[in-house]
file model_28.txt (compact mmCIF, C-alpha atoms and all ligand atoms)
# COMPACT_ATOMS: atom_id res chain seq x y z
CA MET A 1 16.65 9.47 9.01
CA ILE A 2 13.84 7.07 9.79
CA GLN A 3 12.98 6.66 6.11
CA ASP A 4 16.46 5.28 5.34
CA VAL A 5 16.12 2.81 8.20
CA LEU A 6 12.66 1.80 7.02
CA ARG A 7 13.78 1.34 3.42
CA ASP A 8 16.85 -0.70 4.39
CA ARG A 9 15.14 -2.89 6.95
CA SER A 10 12.09 -3.63 4.81
CA ALA A 11 13.91 -4.12 1.49
CA VAL A 12 13.68 -7.93 1.62
CA ALA A 13 10.01 -7.90 2.65
CA HIS A 14 9.31 -5.42 -0.17
CA ARG A 15 11.05 -7.63 -2.71
CA GLN A 16 9.10 -10.69 -1.56
CA LEU A 17 5.79 -8.87 -1.87
CA GLU A 18 6.78 -7.32 -5.20
CA LYS A 19 7.53 -10.81 -6.53
CA ILE A 20 4.06 -12.05 -5.56
CA VAL A 21 2.35 -9.02 -7.09
CA VAL A 22 4.41 -9.17 -10.30
CA SER A 23 3.64 -12.87 -10.81
CA ARG A 24 -0.08 -12.17 -10.29
CA LEU A 25 0.13 -9.27 -12.75
CA LYS A 26 1.82 -11.44 -15.34
CA ALA A 27 -0.96 -14.01 -15.07
CA ILE A 28 -3.68 -11.45 -15.87
CA LYS A 29 -5.51 -12.28 -19.10
CA ASN A 30 -8.62 -10.13 -18.83
CA LYS A 31 -10.40 -7.55 -16.69
CA GLU A 32 -11.92 -10.23 -14.43
CA ASP A 33 -8.44 -11.46 -13.51
CA TYR A 34 -7.40 -7.89 -12.84
CA ALA A 35 -10.45 -7.28 -10.62
CA ASP A 36 -9.52 -10.42 -8.66
CA LEU A 37 -6.07 -8.97 -7.97
CA LEU A 38 -7.62 -5.67 -6.88
CA LYS A 39 -9.73 -7.59 -4.38
CA TYR A 40 -6.61 -8.72 -2.52
CA PHE A 41 -5.50 -5.10 -2.29
CA TYR A 42 -8.96 -3.91 -1.28
CA ALA A 43 -9.45 -6.56 1.42
CA TYR A 44 -6.07 -5.78 2.96
CA PHE A 45 -5.89 -1.99 2.59
CA SER A 46 -9.46 -1.39 3.78
CA ARG A 47 -8.91 -3.51 6.91
CA LEU A 48 -5.58 -1.80 7.59
CA GLU A 49 -7.20 1.62 7.23
CA GLN A 50 -9.79 0.64 9.84
CA VAL A 51 -7.18 -0.32 12.40
CA ILE A 52 -4.95 2.75 11.91
CA GLU A 53 -7.85 5.22 11.75
CA PRO A 54 -8.14 5.81 15.53
CA TYR A 55 -4.50 6.97 15.69
CA LEU A 56 -4.15 9.23 12.66
CA ASN A 57 -6.04 12.49 12.88
CA GLU A 58 -5.28 15.65 10.92
CA ASP A 59 -2.95 16.98 13.60
CA ILE A 60 -0.65 14.10 12.74
CA LEU A 61 -1.43 13.81 9.03
CA PRO A 62 -2.57 17.27 7.87
CA ASP A 63 -3.29 16.23 4.26
CA LYS A 64 -5.14 13.06 5.29
CA ALA A 65 -8.17 13.90 3.13
CA LYS A 66 -5.98 14.21 0.03
CA ARG A 67 -4.36 10.81 0.46
CA ARG A 68 -5.26 7.85 -1.71
CA ASN A 69 -7.29 5.20 0.09
CA SER A 70 -9.11 1.93 -0.44
CA LYS A 71 -12.17 3.77 -1.80
CA PHE A 72 -10.14 4.06 -5.04
CA LEU A 73 -9.81 0.28 -5.08
CA ALA A 74 -13.53 -0.18 -4.45
CA ASP A 75 -14.33 2.18 -7.33
CA ASP A 76 -11.88 0.39 -9.63
CA ILE A 77 -13.38 -3.02 -8.80
CA VAL A 78 -16.92 -1.78 -9.40
CA SER A 79 -15.87 -0.05 -12.64
CA LEU A 80 -14.68 -3.46 -13.85
CA GLY A 81 -18.16 -4.87 -13.28
CA GLN A 82 -17.41 -6.75 -10.03
CA ASP A 83 -18.65 -6.33 -6.48
CA LEU A 84 -17.08 -6.34 -3.04
CA ASP A 85 -19.25 -9.06 -1.54
CA GLU A 86 -17.83 -12.01 0.32
CA LEU A 87 -14.29 -10.79 0.72
CA PRO A 88 -12.43 -12.31 3.66
CA ILE A 89 -11.12 -10.14 6.48
CA PRO A 90 -7.35 -10.57 6.29
CA VAL A 91 -5.00 -10.63 9.26
CA VAL A 92 -3.32 -7.24 9.72
CA PRO A 93 -0.73 -6.10 12.27
CA GLU A 94 -1.99 -5.12 15.68
CA ILE A 95 -2.04 -1.33 15.92
CA SER A 96 -2.31 0.38 19.27
CA ASN A 97 -0.49 3.71 18.95
CA VAL A 98 0.50 6.47 16.53
CA CYS A 99 3.95 5.04 15.75
CA GLN A 100 2.54 1.66 14.77
CA ALA A 101 -0.12 3.39 12.66
CA LEU A 102 2.62 5.34 10.86
CA GLY A 103 4.60 2.15 10.22
CA ALA A 104 1.57 0.61 8.52
CA LEU A 105 0.85 3.81 6.60
CA TYR A 106 4.46 3.87 5.36
CA VAL A 107 3.76 0.62 3.52
CA MET A 108 0.48 1.88 2.07
CA GLU A 109 1.85 5.25 0.99
CA GLY A 110 5.06 3.71 -0.37
CA SER A 111 3.02 1.37 -2.54
CA VAL A 112 2.12 4.42 -4.67
CA MET A 113 5.70 4.33 -5.96
CA GLY A 114 5.31 0.90 -7.54
CA GLY A 115 1.94 1.96 -8.95
CA SER A 116 3.28 3.51 -12.14
CA VAL A 117 5.18 0.29 -12.94
CA ILE A 118 1.96 -1.66 -12.33
CA VAL A 119 -0.05 0.63 -14.63
CA GLN A 120 2.53 0.06 -17.39
CA MET A 121 2.43 -3.71 -16.91
CA LEU A 122 -1.38 -3.68 -17.08
CA ALA A 123 -1.33 -1.61 -20.27
CA LYS A 124 0.79 -4.33 -21.87
CA SER A 125 -2.08 -6.76 -21.18
CA GLY A 126 -4.51 -4.27 -22.73
CA ILE A 127 -5.91 -3.09 -19.38
CA THR A 128 -6.27 0.65 -19.10
CA LYS A 129 -9.51 0.95 -17.10
CA GLY A 130 -9.94 0.65 -13.33
CA VAL A 131 -6.44 1.95 -12.63
CA SER A 132 -7.24 4.91 -10.37
CA PHE A 133 -5.66 3.24 -7.32
CA PHE A 134 -2.40 2.35 -9.04
CA SER A 135 -2.22 5.74 -10.75
CA GLY A 136 -1.60 7.15 -7.26
CA TYR A 137 -1.04 10.87 -7.07
CA GLY A 138 0.06 11.29 -10.67
CA PRO A 139 2.48 14.23 -10.98
CA ASP A 140 2.13 14.91 -7.22
CA THR A 141 3.57 11.52 -6.26
CA GLY A 142 6.99 12.96 -5.34
CA SER A 143 5.66 15.82 -3.23
CA MET A 144 3.06 13.62 -1.46
CA TRP A 145 5.83 11.18 -0.54
CA GLU A 146 8.06 13.98 0.72
CA SER A 147 5.30 15.36 2.92
CA PHE A 148 4.60 11.87 4.29
CA VAL A 149 8.29 11.44 5.14
CA ALA A 150 8.13 14.82 6.92
CA VAL A 151 5.19 13.49 8.98
CA LEU A 152 7.29 10.47 9.96
CA ASN A 153 10.19 12.69 10.98
CA GLN A 154 7.96 14.96 13.03
CA ASN A 155 6.05 12.27 14.88
CA VAL A 156 8.51 9.48 15.52
CA PRO A 157 11.02 10.04 18.33
CA ALA A 158 14.30 8.13 17.97
CA SER A 159 13.29 5.88 20.85
CA GLU A 160 10.21 4.67 18.91
CA GLN A 161 11.84 4.05 15.52
CA TYR A 162 12.08 0.32 16.17
CA LEU A 163 8.31 0.19 16.64
CA VAL A 164 7.64 1.86 13.28
CA VAL A 165 10.10 -0.45 11.51
CA GLU A 166 8.67 -3.56 13.20
CA THR A 167 5.13 -2.63 12.19
CA ALA A 168 6.14 -1.80 8.61
CA MET A 169 7.80 -5.23 8.27
CA ASP A 170 4.76 -6.89 9.76
CA THR A 171 2.52 -4.95 7.35
CA PHE A 172 4.50 -6.23 4.35
CA HIS A 173 4.44 -9.80 5.67
CA CYS A 174 0.75 -9.90 6.48
CA PHE A 175 -0.07 -8.54 3.01
CA ALA A 176 2.12 -11.18 1.37
CA LEU A 177 0.41 -13.89 3.45
CA SER A 178 -3.05 -12.58 2.56
CA PHE A 179 -2.51 -13.70 -1.03
CA ASN A 180 -3.01 -17.27 0.12
CA GLU A 181 -6.29 -16.54 1.83
CA ILE A 182 -8.76 -15.47 -0.79
C1 LIG A 201 4.73 -4.65 -8.95
C2 LIG A 201 4.90 -4.39 -7.68
C3 LIG A 201 5.82 -3.31 -7.16
C4 LIG A 201 6.85 -2.67 -7.77
C5 LIG A 201 7.38 -2.88 -9.17
C6 LIG A 201 7.38 -1.73 -6.81
C7 LIG A 201 8.39 -0.85 -7.07
C8 LIG A 201 8.80 0.15 -6.24
C9 LIG A 201 9.72 1.21 -6.60
C10 LIG A 201 10.35 1.38 -7.96
C11 LIG A 201 9.88 1.97 -5.50
C12 LIG A 201 10.73 3.23 -5.40
C13 LIG A 201 12.06 2.95 -4.83
C14 LIG A 201 12.84 4.23 -4.67
O1 LIG A 201 12.61 5.20 -5.40
O2 LIG A 201 13.67 4.26 -3.77
C15 LIG A 201 9.08 1.42 -4.46
C16 LIG A 201 9.01 1.91 -3.19
C17 LIG A 201 8.19 1.41 -2.22
N1 LIG A 201 7.25 0.41 -2.36
FE1 LIG A 201 7.01 -0.76 -3.97
N2 LIG A 201 6.68 -1.81 -5.67
C18 LIG A 201 5.70 -2.76 -5.84
C19 LIG A 201 4.74 -3.14 -4.96
C20 LIG A 201 4.63 -2.61 -3.70
C21 LIG A 201 3.58 -2.95 -2.78
C22 LIG A 201 2.43 -3.92 -3.10
C23 LIG A 201 3.81 -2.27 -1.64
C24 LIG A 201 3.07 -2.25 -0.35
C25 LIG A 201 1.84 -2.67 -0.16
C26 LIG A 201 5.02 -1.48 -1.85
C27 LIG A 201 5.60 -0.65 -0.91
C28 LIG A 201 6.63 0.21 -1.16
C29 LIG A 201 7.22 1.11 -0.17
C30 LIG A 201 6.82 1.24 1.28
C31 LIG A 201 8.18 1.87 -0.84
C32 LIG A 201 9.00 3.01 -0.25
C33 LIG A 201 10.43 2.64 0.00
C34 LIG A 201 11.16 3.88 0.53
O3 LIG A 201 11.16 4.07 1.75
O4 LIG A 201 11.68 4.63 -0.28
N3 LIG A 201 5.48 -1.71 -3.11
N4 LIG A 201 8.42 0.31 -4.93

call {"tool": "encode", "arguments": {"input": "model_28.txt", "output": "structure tokens"}}
result
Amino acid sequence: MIQDVLRDRSAVAHRQLEKIVVSRLKAIKNKEDYADLLKYFYAYFSRLEQVIEPYLNEDILPDKAKRRNSKFLADDIVSLGQDLDELPIPVVPEISNVCQALGALYVMEGSVMGGSVIVQMLAKSGITKGVSFFSGYGPDTGSMWESFVAVLNQNVPASEQYLVVETAMDTFHCFALSFNEI
């Protein structure tokens, strides 16, 4: 199963990114700090969405319109009283086919799973607003993940698995690196 390969191969990259995000979360003192963290996510996810867009139509991803995207981040940032001006354009992996696009999307869709932990951490700092992005799909989180994994299985031939894994790793790394850029 490609998902097992992806999870195993990207476990270290996930842990490294999780560490960065957790330390940023722990440093949050107020809603401005939280909005600043959201800006890293927005800058990266919105750029990544742009580069995968040409390769993911609804034949490949039938429930594309239902999937969480960076618009949620933009709304959360604005709801916290901040704007999206002057954000840098981060470096993202080069995407030139469907398999690479799915590798990048694996990282974005998987991030929903950590979202509930993030919402709980924020609540401990008294932040309960502007959490639509991290709230993910709510009770549908499990089924949305399962249908994404089915999309991976349907669209990635065994011979292309390495490409998906490589891009997923690259997607984790570039995101981790982007935290030094803003
Ligand atoms: C506070 C930060 C984070 C925490 C606590 C966290 C935690 C988790 C947890 C608990 C899972 C579910 C593991 C399982 O059920 O097998 C998960 C999965 C995943 N997370 Fe995170 N995560 C965090 C941040 C992120 C970020 C920022 C991204 C990507 C941008 C990400 C990408 C993924 C991916 C791709 C998976 C799916 C792994 C699989 O194939 O099952 N996570 N995470």

call {"tool": "closest_residue", "arguments": {"input": "model_28.txt", "among": "A:Pro93, A:Gly81, A:Pro62, A:Pro88", "to": "Glu49 of chain A", "atoms": "all atoms listed in the file"}}
result
A:Pro93

call {"tool": "residues_near_ligand", "arguments": {"input": "model_28.txt", "ligand": "ligand LIG 201 (chain A)", "cutoff": "6 Å", "atoms": "all atoms listed in the file", "output": "number ranges by chain"}}
result
A: 3, 6-7, 18, 21-22, 106-108, 110-111, 113-114, 117-118

call {"tool": "write_last_selection", "arguments": {"input": "model_28.txt", "atoms": "C-alpha atoms", "output": "mmCIF file, keeping the file's coordinate frame"}}
result
data_model
loop_
_atom_site.group_PDB
_atom_site.id
_atom_site.type_symbol
_atom_site.label_atom_id
_atom_site.label_comp_id
_atom_site.auth_asym_id
_atom_site.auth_seq_id
_atom_site.Cartn_x
_atom_site.Cartn_y
_atom_site.Cartn_z
ATOM 1 C CA GLN A 3 12.980 6.660 6.110
ATOM 2 C CA LEU A 6 12.660 1.800 7.020
ATOM 3 C CA ARG A 7 13.780 1.340 3.420
ATOM 4 C CA GLU A 18 6.780 -7.320 -5.200
ATOM 5 C CA VAL A 21 2.350 -9.020 -7.090
ATOM 6 C CA VAL A 22 4.410 -9.170 -10.300
ATOM 7 C CA TYR A 106 4.460 3.870 5.360
ATOM 8 C CA VAL A 107 3.760 0.620 3.520
ATOM 9 C CA MET A 108 0.480 1.880 2.070
ATOM 10 C CA GLY A 110 5.060 3.710 -0.370
ATOM 11 C CA SER A 111 3.020 1.370 -2.540
ATOM 12 C CA MET A 113 5.700 4.330 -5.960
ATOM 13 C CA GLY A 114 5.310 0.900 -7.540
ATOM 14 C CA VAL A 117 5.180 0.290 -12.940
ATOM 15 C CA ILE A 118 1.960 -1.660 -12.330
#

call {"tool": "residues_around", "arguments": {"input": "model_28.txt", "residues": "segment 178-180 of chain A", "least_positions_apart": "4", "cutoff": "8 Å", "atoms": "all atoms listed in the file", "output": "PyMOL selection string"}}
result
chain A and resi 40+44+90-91+174

call {"tool": "closest_residue", "arguments": {"input": "model_28.txt", "among": "A:Ser125, A:Gln120, A:Thr171, A:Ser143", "to": "Asn30 of chain A", "atoms": "all atoms listed in the file"}}
result
A:Ser125

call {"tool": "residues_around", "arguments": {"input": "model_28.txt", "residues": "Lys39 of chain A", "least_positions_apart": "5", "cutoff": "8 Å", "atoms": "only C-alpha atoms", "output": "list in words"}}
result
Leu73, Ile77, Leu84 and Leu87 of chain A

call {"tool": "atom_distance", "arguments": {"input": "model_28.txt", "atom1": "atom CA of Met144 of chain A", "atom2": "atom CA of Glu166 of chain A"}}
result
23.3 Å

call {"tool": "residues_near_point", "arguments": {"input": "model_28.txt", "point": "(-5.6, -2.0, 21.0)", "cutoff": "10 Å", "atoms": "all atoms listed in the file", "output": "list in words"}}
result
Val51, Pro54, Glu94, Ile95, Ser96 and Asn97 of chain A

call {"tool": "residues_around", "arguments": {"input": "model_28.txt", "residues": "Ile2 of chain A", "least_positions_apart": "3", "cutoff": "8 Å", "atoms": "all atoms listed in the file", "output": "PyMOL selection string"}}
result
chain A and resi 5-6+152-153+161

call {"tool": "closest_residue", "arguments": {"input": "model_28.txt", "among": "A:Ser79, A:Phe134, A:Ile28, A:Phe41", "to": "Ala176 of chain A", "atoms": "all atoms listed in the file"}}
result
A:Phe41

call {"tool": "build_atoms", "arguments": {"input": "model_28.txt", "residues": "segment 87-101 of chain A", "atoms": "N, CA and C atoms", "output": "PDB file, in the frame of the given file"}}
result
ATOM      1  N   LEU A  87     -15.746 -10.815   0.609  1.00  0.00           N
ATOM      2  CA  LEU A  87     -14.290 -10.790   0.720  1.00  0.00           C
ATOM      3  C   LEU A  87     -13.914 -11.183   2.144  1.00  0.00           C
ATOM      4  N   PRO A  88     -12.832 -11.938   2.298  1.00  0.00           N
ATOM      5  CA  PRO A  88     -12.430 -12.310   3.660  1.00  0.00           C
ATOM      6  C   PRO A  88     -11.846 -11.120   4.389  1.00  0.00           C
ATOM      7  N   ILE A  89     -11.786 -11.198   5.714  1.00  0.00           N
ATOM      8  CA  ILE A  89     -11.120 -10.140   6.480  1.00  0.00           C
ATOM      9  C   ILE A  89      -9.701 -10.641   6.766  1.00  0.00           C
ATOM     10  N   PRO A  90      -8.703 -10.047   6.120  1.00  0.00           N
ATOM     11  CA  PRO A  90      -7.350 -10.570   6.290  1.00  0.00           C
ATOM     12  C   PRO A  90      -6.747 -10.211   7.656  1.00  0.00           C
ATOM     13  N   VAL A  91      -5.736 -10.946   8.025  1.00  0.00           N
ATOM     14  CA  VAL A  91      -5.000 -10.630   9.260  1.00  0.00           C
ATOM     15  C   VAL A  91      -4.116  -9.417   8.972  1.00  0.00           C
ATOM     16  N   VAL A  92      -4.190  -8.418   9.849  1.00  0.00           N
ATOM     17  CA  VAL A  92      -3.320  -7.240   9.720  1.00  0.00           C
ATOM     18  C   VAL A  92      -2.553  -7.072  11.029  1.00  0.00           C
ATOM     19  N   PRO A  93      -1.477  -6.283  11.017  1.00  0.00           N
ATOM     20  CA  PRO A  93      -0.730  -6.100  12.270  1.00  0.00           C
ATOM     21  C   PRO A  93      -1.608  -5.461  13.349  1.00  0.00           C
ATOM     22  N   GLU A  94      -1.255  -5.752  14.592  1.00  0.00           N
ATOM     23  CA  GLU A  94      -1.990  -5.120  15.680  1.00  0.00           C
ATOM     24  C   GLU A  94      -1.496  -3.681  15.831  1.00  0.00           C
ATOM     25  N   ILE A  95      -2.428  -2.745  15.838  1.00  0.00           N
ATOM     26  CA  ILE A  95      -2.040  -1.330  15.920  1.00  0.00           C
ATOM     27  C   ILE A  95      -2.630  -0.740  17.188  1.00  0.00           C
ATOM     28  N   SER A  96      -1.744  -0.197  18.059  1.00  0.00           N
ATOM     29  CA  SER A  96      -2.310   0.380  19.270  1.00  0.00           C
ATOM     30  C   SER A  96      -1.686   1.725  19.635  1.00  0.00           C
ATOM     31  N   ASN A  97      -0.990   2.342  18.701  1.00  0.00           N
ATOM     32  CA  ASN A  97      -0.490   3.710  18.950  1.00  0.00           C
ATOM     33  C   ASN A  97      -0.118   4.386  17.633  1.00  0.00           C
ATOM     34  N   VAL A  98       0.224   5.671  17.730  1.00  0.00           N
ATOM     35  CA  VAL A  98       0.500   6.470  16.530  1.00  0.00           C
ATOM     36  C   VAL A  98       1.699   5.914  15.754  1.00  0.00           C
ATOM     37  N   CYS A  99       2.757   5.512  16.454  1.00  0.00           N
ATOM     38  CA  CYS A  99       3.950   5.040  15.750  1.00  0.00           C
ATOM     39  C   CYS A  99       3.660   3.771  14.949  1.00  0.00           C
ATOM     40  N   GLN A 100       2.895   2.870  15.523  1.00  0.00           N
ATOM     41  CA  GLN A 100       2.540   1.660  14.770  1.00  0.00           C
ATOM     42  C   GLN A 100       1.670   2.026  13.563  1.00  0.00           C
ATOM     43  N   ALA A 101       0.751   2.971  13.768  1.00  0.00           N
ATOM     44  CA  ALA A 101      -0.120   3.390  12.660  1.00  0.00           C
ATOM     45  C   ALA A 101       0.729   3.978  11.529  1.00  0.00           C
TER      46      ALA A 101
END
